[in-house]
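Below you'll find the structure, written out as structure tokens, and then a few comments.
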Amino acid sequence: MILFLLIGNLLHANGQRISRRDTLIEKLQYSQLQDSTFIISRDTLIFLLDTVNESSLESNSNNGSKFYNSLKRGAGKRKFTKELYNLFFVSPDKLNPTDTIKTERSEVAFLQYQGKTIRNISIRVLEPFGPTLYDTTQIAHTWLETTGNKLHNTSRRNHLRKLLRLSEGDAVDPYNLADNERLIRELSYVKDAYFRVIPVLGSQTLVDLQLWVKDQFSWGANMKVGSLSSTEFEIYSRNLYGLGHEFSNSFEFDSDKDQKYGYTGRYKIRNIRKSYIDATFTYQNTYEKAVVQVDLDRSFATYNTKYAGGFTLSQTMRSDEIQKDDPIINEIPLDFNYGNIWFGRSYKIKSRNKFARRKLYITGRISGREFFERPEVGPALNQSFHNNIHYLTSISLSQIQYYKSNLIYNFGRTEDIPYGSLAQLTMGYEDREYSHRRYLGFDFQKAAYLSKSRTYFFNRVALGGYFNSQKFEQGVLLGQTKFFSRIRNLGPLRLRNFADLQYTLGIRRFPDEFISLLTDTGIRGFSKEDVIGTQKLVLNLETVAFTPYTLGGFRFAFYTFADMGFIGSNKKNILKEKFYYGVGFGIRLNNENLVFKTIQLRLAFYPKAPSDFNRFEYRISGEERPKFNNFRVTQPEVVPFE
């Protein structure tokens, strides 16, 4: 019966029988093997993965259809408005499903094929505009979409194949397969990706793999207008030549500065000669600073990765800070060189739980900074600017797995949610200009997804500091809890709640070290740099309403927030220190087909703020998407004071 319906649908497709026939037969074959589902309409066949909830898709489509049908009827009365409608609006039945991906372990879909041999690996890459992983029969309709596909650097299949940590002839490892699928999804120029496992007819031991990849339009631009006299414009490509090379160029102008023009360039090469080593070259010359830097990095990307390491060498001139978001207050331009090298080895640990993937990591690091221009220093003067060499080593025990879901930090694409734990002990020695001291730090992180309530919790406790002649100094205690709720339906909207509670305590920090409530680690939109301390408690609350509506390919999400924080010295109870808070709401727009940052419009009100601070704030900006705290082991680090 299904076969007759498919043939009828083929005959009805206007002039596209041949191209759709191969796709339908392929999907029919896969549906018989995977219990997948077809939705057949008048001229479209939508392929739903076995992780898709059909009722949610149908409900979501119906909720948004009235809105679009009324617009379409009005626009269709005239040719001009009809063309505008086709250019800017996409009806719900052509969108990726909203909130339809079940939250499940990443490896579950592959467990039934464990141990079978991979005969062949094929890769299919879909253009940014038109076909989707849910419906490959869609095509680009508007002039903008077809032009965008022509300008786009399509990911080369050979490049994607070299990124995989598996090959033909390997036995199917569900965990490794899920890791490889996740690694492709994490690429900055890929919208989504998944593996299909297809048993070979007539064989009980062989399977074929198909990797389906949905590209994002590789070119992007960003503009920041600080005032009438200052502007920053950036243009970049995340997938140059289709090889995953990244090239960004940022141009700055500020008529109020001595150096009015500035430039920052960055070039990244992925997977040099299939070594899984990435190289990044950076050049910056602005009124803030001048930097030349080279980075090499190989990460513990999958469960089967044994070795990782990295190398950094840089020279910085005319900078007012040692590193980004530096807690050190300084008014004298700094000139310094920095070098860093690290290496690590991992070891698998057996577990009775078949879903648990435990590993032991041993890592070591050497880093140093040498100043040429700095404030006056002495044994007890401006200690943050002393020349130094760090020797650190860490022993880490990690257990990490992933769930797949959506509508968390993105607007519909598949998201990999890490859960598990990480316990890390870091020890080291610092050779300073006027002294020597030892370092000891401990960091424990744990995350869990509660399947019954469908909520996610992340917790972290860390303590670290230096011992100088048996005296503990420059220490920090850090505690954090993050949470996001299940998705809830409100008509066509999908609501999710977020919370982040973080406490930081500085212990015997240097006199010139402070933390603040600035946007990145405190109250969003709060820009009072003189509200500082050595202890703070911050709570960030947010509710996001994802919508099914689009405009020009951009999806909408509305959000409200409330941020509050205590900050002061470490001499008394944090709840008795100065208290500030801000509330507000905004809109986020994102096009998952583009590498553009999320466009954010925000209006905020600060009832409790310093007397010289503007109580109302509005901002239009491009924001990077938030990322999950994962349990990947990297180079040894001291516990951050932020």
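Just so we're on the same page: first chain in the structure tokens is A, next is B, and so on; residues restart at 1 for each chain, and ligands are numbered from 1 in the order they show up.
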
Tyr307 (chain A) surroundings by only C-alpha atoms, 7 Å radius, close-in-sequence under 3 positions cut, as a PyMOL selection string
chain A and resi 300+344-346

Skip region 408-413 of chain A itself and residues of its chain fewer than 4 positions away, then list as a ChimeraX atom specification all residues within 10 Å of it, counting only C-alpha atoms.
/A:95-101,185,191-193,417,484-487,495-498,544,546-548,554-557,588-592,598,625-628

Please produce a file of those selected residues containing C-alpha atoms, as a PDB file, in the first residue's frame.
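Result file is selection.pdb:
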ATOM      1  CA  LEU A  95      10.121  24.094   8.679  1.00  0.00           C
ATOM      2  CA  ASN A  96      12.099  21.601  10.646  1.00  0.00           C
ATOM      3  CA  PRO A  97       9.837  20.100  13.337  1.00  0.00           C
ATOM      4  CA  THR A  98       9.611  22.191  16.494  1.00  0.00           C
ATOM      5  CA  ASP A  99      10.197  20.270  19.710  1.00  0.00           C
ATOM      6  CA  THR A 100       9.873  16.826  18.185  1.00  0.00           C
ATOM      7  CA  ILE A 101      13.166  15.183  19.056  1.00  0.00           C
ATOM      8  CA  ARG A 185      27.419  18.488  14.463  1.00  0.00           C
ATOM      9  CA  LYS A 191      23.663  22.910  10.917  1.00  0.00           C
ATOM     10  CA  ASP A 192      22.985  19.266  11.718  1.00  0.00           C
ATOM     11  CA  ALA A 193      24.239  15.763  10.987  1.00  0.00           C
ATOM     12  CA  ILE A 417      23.605  17.433  26.125  1.00  0.00           C
ATOM     13  CA  PHE A 484      16.994  24.048  32.612  1.00  0.00           C
ATOM     14  CA  SER A 485      13.456  22.706  32.644  1.00  0.00           C
ATOM     15  CA  ARG A 486      11.414  20.501  30.373  1.00  0.00           C
ATOM     16  CA  ILE A 487       9.785  22.093  27.354  1.00  0.00           C
ATOM     17  CA  LEU A 495       8.580  27.501  26.818  1.00  0.00           C
ATOM     18  CA  ARG A 496      11.732  26.558  28.705  1.00  0.00           C
ATOM     19  CA  ASN A 497      13.130  27.939  31.986  1.00  0.00           C
ATOM     20  CA  PHE A 498      16.820  28.427  32.810  1.00  0.00           C
ATOM     21  CA  VAL A 544      12.518  31.527  26.657  1.00  0.00           C
ATOM     22  CA  PHE A 546      10.406  29.531  21.068  1.00  0.00           C
ATOM     23  CA  THR A 547       7.990  30.329  18.248  1.00  0.00           C
ATOM     24  CA  PRO A 548       7.228  28.496  14.965  1.00  0.00           C
ATOM     25  CA  PHE A 554      15.010  33.897  10.760  1.00  0.00           C
ATOM     26  CA  ARG A 555      13.217  32.178  13.625  1.00  0.00           C
ATOM     27  CA  PHE A 556      11.937  34.115  16.623  1.00  0.00           C
ATOM     28  CA  ALA A 557      12.290  33.492  20.332  1.00  0.00           C
ATOM     29  CA  ARG A 588      16.288  36.692  19.604  1.00  0.00           C
ATOM     30  CA  LEU A 589      16.401  36.016  15.876  1.00  0.00           C
ATOM     31  CA  ASN A 590      18.386  33.182  14.390  1.00  0.00           C
ATOM     32  CA  ASN A 591      18.696  31.581  10.979  1.00  0.00           C
ATOM     33  CA  GLU A 592      20.059  28.065  11.399  1.00  0.00           C
ATOM     34  CA  THR A 598      22.102  35.257  17.030  1.00  0.00           C
ATOM     35  CA  ARG A 625      25.187  30.776  21.291  1.00  0.00           C
ATOM     36  CA  PRO A 626      25.695  29.505  24.857  1.00  0.00           C
ATOM     37  CA  LYS A 627      27.436  26.178  25.269  1.00  0.00           C
ATOM     38  CA  PHE A 628      27.003  23.360  27.732  1.00  0.00           C
TER      39      PHE A 628
END

So what do you get for CA of Tyr391 (chain A) versus CA of Thr312 (chain A), distance-wise?
15.1 Å

From A:Tyr419, A:Thr132, A:Asp335, A:Ile184, residue lying nearest Leu450 (chain A) [only C-alpha atoms]
A:Tyr419

Closest of A:Thr231, A:Thr286, A:Met317, A:Leu240 to Ser255 (chain A), counting only C-alpha atoms, is A:Thr231

Do you know which residues are at most 8 Å from region 293-297 of chain A counting only C-alpha atoms, after dropping those on the same chain fewer than 4 positions away, and could you put them as a count of residues only?
15

Where does DSSP see strand (DSSP E or B) in region 353-547 of chain A, if you list the residues as a PyMOL selection string?
chain A and resi 358-373+378+381+388-405+415-432+436-450+455-468+471-484+488-490+493-507+513+515-516+532-533+535-547

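Coordinates place CA of Leu163 (chain A) at a distance of 7.0 Å from CA of Asn271 (chain A).
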
Polymer residues at most 12 Å from Glu473 (chain A), only C-alpha atoms, same-chain spacing of 6 or more positions, as a VMD selection string:
chain A and resid 383 437 to 440 464 to 467 506 to 511

Would you mind exporting the chosen residues as a compact mmCIF listing (two decimals), in the first residue's frame, restricted to all heavy atoms?
# COMPACT_ATOMS: atom_id res chain seq x y z
N GLN A 383 52.51 42.18 42.11
CA GLN A 383 52.92 40.78 41.96
C GLN A 383 52.28 40.10 40.74
O GLN A 383 52.82 39.12 40.21
CB GLN A 383 52.55 40.00 43.22
CG GLN A 383 53.26 40.54 44.47
CD GLN A 383 52.79 39.84 45.73
OE1 GLN A 383 53.11 38.67 45.96
NE2 GLN A 383 52.02 40.55 46.54
N ARG A 437 56.64 29.08 44.49
CA ARG A 437 55.51 28.59 45.27
C ARG A 437 54.87 27.39 44.58
O ARG A 437 55.07 27.15 43.39
CB ARG A 437 54.46 29.71 45.46
CG ARG A 437 53.96 30.35 44.17
CD ARG A 437 52.98 31.47 44.46
NE ARG A 437 52.40 32.00 43.23
CZ ARG A 437 51.38 32.84 43.21
NH1 ARG A 437 50.84 33.27 44.33
NH2 ARG A 437 50.90 33.27 42.05
N ARG A 438 54.09 26.64 45.36
CA ARG A 438 53.43 25.44 44.87
C ARG A 438 51.94 25.71 44.71
O ARG A 438 51.37 26.55 45.40
CB ARG A 438 53.66 24.27 45.83
CG ARG A 438 55.11 23.83 45.90
CD ARG A 438 55.31 22.73 46.93
NE ARG A 438 56.68 22.22 46.92
CZ ARG A 438 57.69 22.80 47.56
NH1 ARG A 438 57.48 23.91 48.26
NH2 ARG A 438 58.90 22.28 47.49
N TYR A 439 51.34 24.94 43.79
CA TYR A 439 49.91 25.09 43.55
C TYR A 439 49.20 23.76 43.81
O TYR A 439 49.72 22.68 43.50
CB TYR A 439 49.62 25.51 42.10
CG TYR A 439 48.14 25.63 41.82
CD1 TYR A 439 47.43 26.78 42.17
CD2 TYR A 439 47.44 24.58 41.23
CE1 TYR A 439 46.07 26.88 41.94
CE2 TYR A 439 46.07 24.67 40.99
CZ TYR A 439 45.39 25.83 41.35
OH TYR A 439 44.04 25.92 41.13
N LEU A 440 47.99 23.86 44.37
CA LEU A 440 47.15 22.68 44.57
C LEU A 440 45.70 23.09 44.34
O LEU A 440 45.22 24.09 44.88
CB LEU A 440 47.31 22.14 46.00
CG LEU A 440 46.49 20.89 46.33
CD1 LEU A 440 46.94 19.71 45.46
CD2 LEU A 440 46.62 20.54 47.81
N GLY A 464 41.14 26.08 44.86
CA GLY A 464 42.54 26.05 44.47
C GLY A 464 43.28 27.26 44.97
O GLY A 464 42.68 28.29 45.30
N GLY A 465 44.61 27.13 45.05
CA GLY A 465 45.43 28.26 45.49
C GLY A 465 46.90 27.87 45.57
O GLY A 465 47.28 26.72 45.32
N TYR A 466 47.72 28.85 45.93
CA TYR A 466 49.17 28.68 45.98
C TYR A 466 49.66 28.66 47.43
O TYR A 466 49.08 29.30 48.31
CB TYR A 466 49.86 29.83 45.25
CG TYR A 466 49.60 29.85 43.75
CD1 TYR A 466 48.50 30.53 43.23
CD2 TYR A 466 50.45 29.19 42.87
CE1 TYR A 466 48.26 30.56 41.87
CE2 TYR A 466 50.22 29.21 41.51
CZ TYR A 466 49.12 29.90 41.02
OH TYR A 466 48.88 29.93 39.66
N PHE A 467 50.76 27.92 47.63
CA PHE A 467 51.43 27.87 48.92
C PHE A 467 52.81 28.50 48.78
O PHE A 467 53.67 27.99 48.06
CB PHE A 467 51.55 26.42 49.41
CG PHE A 467 50.22 25.77 49.69
CD1 PHE A 467 49.51 25.13 48.68
CD2 PHE A 467 49.68 25.82 50.96
CE1 PHE A 467 48.29 24.53 48.93
CE2 PHE A 467 48.45 25.23 51.23
CZ PHE A 467 47.76 24.59 50.21
N GLY A 506 37.28 34.95 46.76
CA GLY A 506 38.73 35.09 46.65
C GLY A 506 39.38 35.01 48.02
O GLY A 506 38.90 35.63 48.99
N ILE A 507 40.44 34.24 48.12
CA ILE A 507 41.12 34.03 49.40
C ILE A 507 42.55 34.55 49.29
O ILE A 507 43.34 34.05 48.50
CB ILE A 507 41.14 32.52 49.76
CG1 ILE A 507 39.71 31.95 49.73
CG2 ILE A 507 41.77 32.31 51.12
CD1 ILE A 507 39.65 30.44 49.86
N ARG A 508 42.83 35.60 50.06
CA ARG A 508 44.17 36.22 50.07
C ARG A 508 44.65 36.52 48.65
O ARG A 508 45.76 36.15 48.26
CB ARG A 508 45.17 35.32 50.80
CG ARG A 508 44.88 35.17 52.29
CD ARG A 508 45.89 34.28 52.97
NE ARG A 508 45.60 34.14 54.39
CZ ARG A 508 46.22 33.29 55.21
NH1 ARG A 508 47.18 32.50 54.73
NH2 ARG A 508 45.91 33.24 56.49
N ARG A 509 43.79 37.17 47.88
CA ARG A 509 44.17 37.57 46.53
C ARG A 509 45.14 38.74 46.61
O ARG A 509 45.25 39.44 47.63
CB ARG A 509 42.94 37.99 45.73
CG ARG A 509 41.85 36.95 45.64
CD ARG A 509 42.27 35.68 44.95
NE ARG A 509 42.75 35.85 43.58
CZ ARG A 509 42.98 34.85 42.74
NH1 ARG A 509 42.81 33.60 43.15
NH2 ARG A 509 43.41 35.08 41.52
N PHE A 510 45.86 39.00 45.50
CA PHE A 510 46.76 40.14 45.45
C PHE A 510 45.95 41.44 45.55
O PHE A 510 44.77 41.48 45.15
CB PHE A 510 47.56 40.12 44.15
CG PHE A 510 48.57 39.00 44.08
CD1 PHE A 510 49.00 38.51 42.85
CD2 PHE A 510 49.10 38.45 45.23
CE1 PHE A 510 49.93 37.49 42.77
CE2 PHE A 510 50.03 37.42 45.17
CZ PHE A 510 50.44 36.94 43.94
N PRO A 511 46.54 42.52 46.05
CA PRO A 511 45.80 43.77 46.25
C PRO A 511 45.17 44.34 44.98
O PRO A 511 44.19 45.08 45.06
CB PRO A 511 46.86 44.72 46.82
CG PRO A 511 47.88 43.83 47.44
CD PRO A 511 47.92 42.60 46.59

Neighbouring residues of Leu151 (chain A) were defined as those with any atom within 9 Å, considering only C-alpha atoms; residues of the same chain fewer than 5 positions away were excluded. Please report them as JSON, numbers by chain.
{"A": [146, 217, 218, 219]}

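Counting from CA of Tyr402 (chain A), the distance to CA of Ala171 (chain A) is 21.2 Å.
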
Write out as a PyMOL selection string the residues lying within 12 Å of Leu183 (chain A), counting only C-alpha atoms and excluding same-chain residues fewer than 2 positions away.
chain A and resi 160-161+163-165+176-181+185-190+192-195+213+276+299-303+402+415-416

Go ahead and dump the residues you just picked, N, CA, C and O atoms, as a compact mmCIF listing (two decimals), in the first residue's frame.
# COMPACT_ATOMS: atom_id res chain seq x y z
N LEU A 160 35.15 15.93 5.16
CA LEU A 160 34.36 15.38 6.25
C LEU A 160 34.80 13.95 6.58
O LEU A 160 34.84 13.56 7.75
N ARG A 161 35.15 13.19 5.55
CA ARG A 161 35.59 11.81 5.79
C ARG A 161 36.87 11.78 6.64
O ARG A 161 37.02 10.93 7.53
N LEU A 163 37.72 13.83 8.87
CA LEU A 163 37.45 14.23 10.25
C LEU A 163 36.92 13.07 11.09
O LEU A 163 36.97 13.12 12.32
N LEU A 164 36.40 12.04 10.44
CA LEU A 164 35.82 10.91 11.16
C LEU A 164 36.90 10.09 11.85
O LEU A 164 37.99 9.89 11.31
N ARG A 165 36.58 9.59 13.02
CA ARG A 165 37.50 8.74 13.78
C ARG A 165 37.10 7.28 13.62
O ARG A 165 37.16 6.48 14.57
N ASN A 176 31.36 5.12 19.77
CA ASN A 176 32.23 5.83 18.84
C ASN A 176 31.43 6.43 17.70
O ASN A 176 31.72 7.53 17.22
N LEU A 177 30.40 5.72 17.25
CA LEU A 177 29.55 6.23 16.18
C LEU A 177 28.82 7.49 16.65
O LEU A 177 28.73 8.49 15.92
N ALA A 178 28.30 7.46 17.86
CA ALA A 178 27.62 8.63 18.42
C ALA A 178 28.59 9.80 18.60
O ALA A 178 28.24 10.96 18.36
N ASP A 179 29.82 9.50 19.03
CA ASP A 179 30.84 10.55 19.18
C ASP A 179 31.15 11.21 17.85
O ASP A 179 31.28 12.43 17.76
N ASN A 180 31.30 10.40 16.81
CA ASN A 180 31.61 10.95 15.49
C ASN A 180 30.46 11.79 14.94
O ASN A 180 30.68 12.84 14.32
N GLU A 181 29.25 11.35 15.17
CA GLU A 181 28.09 12.12 14.76
C GLU A 181 28.07 13.47 15.47
O GLU A 181 27.82 14.51 14.87
N ARG A 185 28.42 17.49 14.10
CA ARG A 185 27.42 18.49 14.46
C ARG A 185 28.04 19.71 15.13
O ARG A 185 27.51 20.82 15.06
N GLU A 186 29.17 19.52 15.82
CA GLU A 186 29.81 20.62 16.53
C GLU A 186 30.57 21.57 15.61
O GLU A 186 30.96 22.65 16.03
N LEU A 187 30.78 21.19 14.36
CA LEU A 187 31.49 22.06 13.44
C LEU A 187 30.73 23.36 13.26
O LEU A 187 29.51 23.37 13.13
N SER A 188 31.44 24.46 13.23
CA SER A 188 30.79 25.78 13.19
C SER A 188 30.07 26.06 11.89
O SER A 188 29.31 27.02 11.80
N TYR A 189 30.28 25.25 10.85
CA TYR A 189 29.66 25.47 9.55
C TYR A 189 28.65 24.38 9.20
O TYR A 189 28.21 24.28 8.07
N VAL A 190 28.28 23.56 10.17
CA VAL A 190 27.31 22.49 9.97
C VAL A 190 26.07 22.77 10.82
O VAL A 190 26.18 23.05 12.01
N ASP A 192 23.37 20.51 11.05
CA ASP A 192 22.99 19.27 11.72
C ASP A 192 23.60 18.11 10.96
O ASP A 192 24.02 18.25 9.80
N ALA A 193 23.67 16.96 11.62
CA ALA A 193 24.24 15.76 10.99
C ALA A 193 23.75 14.52 11.71
O ALA A 193 23.47 14.57 12.92
N TYR A 194 23.65 13.42 10.98
CA TYR A 194 23.32 12.16 11.62
C TYR A 194 23.79 11.01 10.74
O TYR A 194 23.99 11.16 9.54
N PHE A 195 23.98 9.83 11.36
CA PHE A 195 24.35 8.61 10.66
C PHE A 195 23.11 7.75 10.42
O PHE A 195 22.24 7.63 11.29
N VAL A 213 24.73 15.34 6.14
CA VAL A 213 25.19 16.61 6.70
C VAL A 213 24.41 17.75 6.07
O VAL A 213 24.28 17.81 4.85
N TYR A 276 44.37 15.40 13.13
CA TYR A 276 43.38 15.94 14.06
C TYR A 276 43.95 17.12 14.85
O TYR A 276 43.45 17.45 15.93
N SER A 299 42.61 17.76 20.64
CA SER A 299 41.81 17.55 21.85
C SER A 299 41.49 16.07 22.06
O SER A 299 41.62 15.25 21.15
N PHE A 300 41.04 15.76 23.29
CA PHE A 300 40.47 14.45 23.58
C PHE A 300 39.04 14.45 23.04
O PHE A 300 38.07 14.59 23.78
N ALA A 301 38.91 14.28 21.73
CA ALA A 301 37.63 14.51 21.07
C ALA A 301 36.64 13.38 21.29
O ALA A 301 35.43 13.61 21.37
N THR A 302 37.12 12.14 21.36
CA THR A 302 36.21 11.00 21.51
C THR A 302 36.71 10.08 22.62
O THR A 302 37.81 10.23 23.16
N TYR A 303 35.88 9.12 22.91
CA TYR A 303 36.22 8.14 23.95
C TYR A 303 37.46 7.34 23.57
O TYR A 303 38.21 6.88 24.44
N TYR A 402 26.09 11.45 26.43
CA TYR A 402 25.34 12.53 25.80
C TYR A 402 23.90 12.11 25.55
O TYR A 402 23.62 10.96 25.20
N GLU A 415 20.79 19.08 19.52
CA GLU A 415 21.77 19.51 20.50
C GLU A 415 22.22 18.31 21.33
O GLU A 415 21.40 17.47 21.73
N ASP A 416 23.51 18.22 21.58
CA ASP A 416 24.08 17.13 22.36
C ASP A 416 24.30 17.61 23.78
O ASP A 416 25.11 18.51 24.03

Mind checking DSSP for region 112-161 of chain A and telling me the helix (DSSP H, G or I) residues as a compact mmCIF listing (two decimals) with all heavy atoms, in the first residue's frame?
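Printed below is result21.txt as written:
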# COMPACT_ATOMS: atom_id res chain seq x y z
N GLN A 112 21.84 -1.85 18.28
CA GLN A 112 21.45 -3.10 17.62
C GLN A 112 22.46 -3.55 16.58
O GLN A 112 22.43 -4.69 16.13
CB GLN A 112 20.08 -2.92 16.97
CG GLN A 112 20.01 -1.80 15.95
CD GLN A 112 18.63 -1.63 15.38
OE1 GLN A 112 17.99 -2.60 14.95
NE2 GLN A 112 18.14 -0.39 15.36
N TYR A 113 23.37 -2.64 16.16
CA TYR A 113 24.36 -2.99 15.14
C TYR A 113 25.75 -3.23 15.74
O TYR A 113 26.72 -3.39 15.00
CB TYR A 113 24.46 -1.88 14.10
CG TYR A 113 23.13 -1.53 13.49
CD1 TYR A 113 22.49 -0.33 13.82
CD2 TYR A 113 22.50 -2.39 12.59
CE1 TYR A 113 21.26 0.00 13.27
CE2 TYR A 113 21.27 -2.07 12.03
CZ TYR A 113 20.66 -0.87 12.39
OH TYR A 113 19.44 -0.55 11.84
N TRP A 143 15.06 33.84 -5.27
CA TRP A 143 16.33 34.25 -5.87
C TRP A 143 17.42 34.31 -4.83
O TRP A 143 18.56 33.92 -5.08
CB TRP A 143 16.15 35.61 -6.54
CG TRP A 143 17.43 36.16 -7.11
CD1 TRP A 143 17.97 35.88 -8.33
CD2 TRP A 143 18.35 37.05 -6.46
NE1 TRP A 143 19.17 36.54 -8.49
CE2 TRP A 143 19.43 37.27 -7.35
CE3 TRP A 143 18.37 37.68 -5.22
CZ2 TRP A 143 20.50 38.09 -7.04
CZ3 TRP A 143 19.45 38.50 -4.90
CH2 TRP A 143 20.50 38.70 -5.82
N LEU A 144 17.10 34.77 -3.63
CA LEU A 144 18.10 34.86 -2.57
C LEU A 144 18.61 33.48 -2.18
O LEU A 144 19.80 33.28 -1.94
CB LEU A 144 17.51 35.57 -1.34
CG LEU A 144 17.46 37.09 -1.38
CD1 LEU A 144 16.82 37.63 -0.09
CD2 LEU A 144 18.86 37.67 -1.54
N GLU A 145 17.71 32.51 -2.10
CA GLU A 145 18.11 31.16 -1.70
C GLU A 145 19.00 30.51 -2.76
O GLU A 145 20.04 29.92 -2.43
CB GLU A 145 16.87 30.30 -1.45
CG GLU A 145 16.10 30.70 -0.21
CD GLU A 145 14.84 29.86 -0.04
OE1 GLU A 145 14.32 29.33 -1.06
OE2 GLU A 145 14.38 29.72 1.10
N THR A 146 18.60 30.60 -4.01
CA THR A 146 19.41 29.99 -5.07
C THR A 146 20.76 30.69 -5.20
O THR A 146 21.79 30.03 -5.43
CB THR A 146 18.67 30.05 -6.41
OG1 THR A 146 18.30 31.41 -6.71
CG2 THR A 146 17.41 29.19 -6.37
N THR A 147 20.78 32.01 -5.06
CA THR A 147 22.05 32.74 -5.11
C THR A 147 22.94 32.37 -3.93
O THR A 147 24.15 32.20 -4.06
CB THR A 147 21.80 34.26 -5.11
OG1 THR A 147 20.97 34.59 -6.23
CG2 THR A 147 23.11 35.03 -5.21
N GLY A 148 22.32 32.23 -2.74
CA GLY A 148 23.08 31.83 -1.56
C GLY A 148 23.74 30.48 -1.73
O GLY A 148 24.90 30.28 -1.36
N ASN A 149 23.01 29.53 -2.31
CA ASN A 149 23.59 28.20 -2.55
C ASN A 149 24.76 28.26 -3.53
O ASN A 149 25.73 27.51 -3.41
CB ASN A 149 22.52 27.25 -3.09
CG ASN A 149 21.57 26.77 -2.00
OD1 ASN A 149 21.91 26.79 -0.82
ND2 ASN A 149 20.38 26.36 -2.40
N LYS A 150 24.68 29.17 -4.51
CA LYS A 150 25.77 29.31 -5.48
C LYS A 150 27.02 29.93 -4.84
O LYS A 150 28.15 29.57 -5.18
CB LYS A 150 25.31 30.15 -6.66
CG LYS A 150 24.27 29.47 -7.54
CD LYS A 150 23.81 30.38 -8.67
CE LYS A 150 22.75 29.70 -9.52
NZ LYS A 150 22.26 30.60 -10.61
N LEU A 151 26.81 30.88 -3.93
CA LEU A 151 27.94 31.55 -3.27
C LEU A 151 28.55 30.70 -2.17
O LEU A 151 29.69 30.92 -1.77
CB LEU A 151 27.49 32.89 -2.68
CG LEU A 151 27.04 33.97 -3.68
CD1 LEU A 151 26.51 35.19 -2.93
CD2 LEU A 151 28.19 34.36 -4.60
N ARG A 157 33.17 16.29 0.70
CA ARG A 157 32.96 14.99 1.34
C ARG A 157 34.28 14.38 1.81
O ARG A 157 34.33 13.73 2.86
CB ARG A 157 32.24 14.05 0.38
CG ARG A 157 30.76 14.40 0.20
CD ARG A 157 30.08 13.53 -0.81
NE ARG A 157 30.56 13.81 -2.16
CZ ARG A 157 30.14 13.18 -3.24
NH1 ARG A 157 29.23 12.21 -3.15
NH2 ARG A 157 30.62 13.50 -4.44
N ASN A 158 35.34 14.59 1.05
CA ASN A 158 36.64 14.05 1.45
C ASN A 158 37.13 14.71 2.73
O ASN A 158 37.75 14.06 3.59
CB ASN A 158 37.65 14.25 0.33
CG ASN A 158 38.94 13.50 0.58
OD1 ASN A 158 38.92 12.34 0.97
ND2 ASN A 158 40.07 14.18 0.38
N HIS A 159 36.85 16.01 2.88
CA HIS A 159 37.22 16.72 4.11
C HIS A 159 36.46 16.15 5.30
O HIS A 159 37.06 15.90 6.36
CB HIS A 159 36.92 18.21 3.95
CG HIS A 159 36.75 18.96 5.23
ND1 HIS A 159 37.79 19.12 6.14
CD2 HIS A 159 35.68 19.59 5.78
CE1 HIS A 159 37.36 19.82 7.17
NE2 HIS A 159 36.09 20.10 6.98
N LEU A 160 35.15 15.93 5.16
CA LEU A 160 34.36 15.38 6.25
C LEU A 160 34.80 13.95 6.58
O LEU A 160 34.84 13.56 7.75
CB LEU A 160 32.88 15.41 5.89
CG LEU A 160 32.26 16.80 5.72
CD1 LEU A 160 30.84 16.68 5.17
CD2 LEU A 160 32.25 17.57 7.04
N ARG A 161 35.15 13.19 5.55
CA ARG A 161 35.59 11.81 5.79
C ARG A 161 36.87 11.78 6.64
O ARG A 161 37.02 10.93 7.53
CB ARG A 161 35.82 11.11 4.45
CG ARG A 161 36.19 9.63 4.56
CD ARG A 161 36.48 9.06 3.18
NE ARG A 161 35.29 9.10 2.34
CZ ARG A 161 34.38 8.15 2.30
NH1 ARG A 161 34.52 7.07 3.04
NH2 ARG A 161 33.34 8.26 1.50

Selection: 10 Å around region 257-259 of chain A, only C-alpha atoms, excl. self and same-chain fewer than 6 positions, as an MDAnalysis selection string
chainID A and resid 229:230 285:288

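Distances to Val291 (chain A) were evaluated for A:Val197, A:Ile574, A:Ile272, A:Leu334 using only C-alpha atoms, and the minimum falls at A:Leu334.
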
Best match for closeness to His390 (chain A) among A:Ser351, A:Asn489, A:Thr543, A:Asn340, counting only C-alpha atoms
A:Asn340
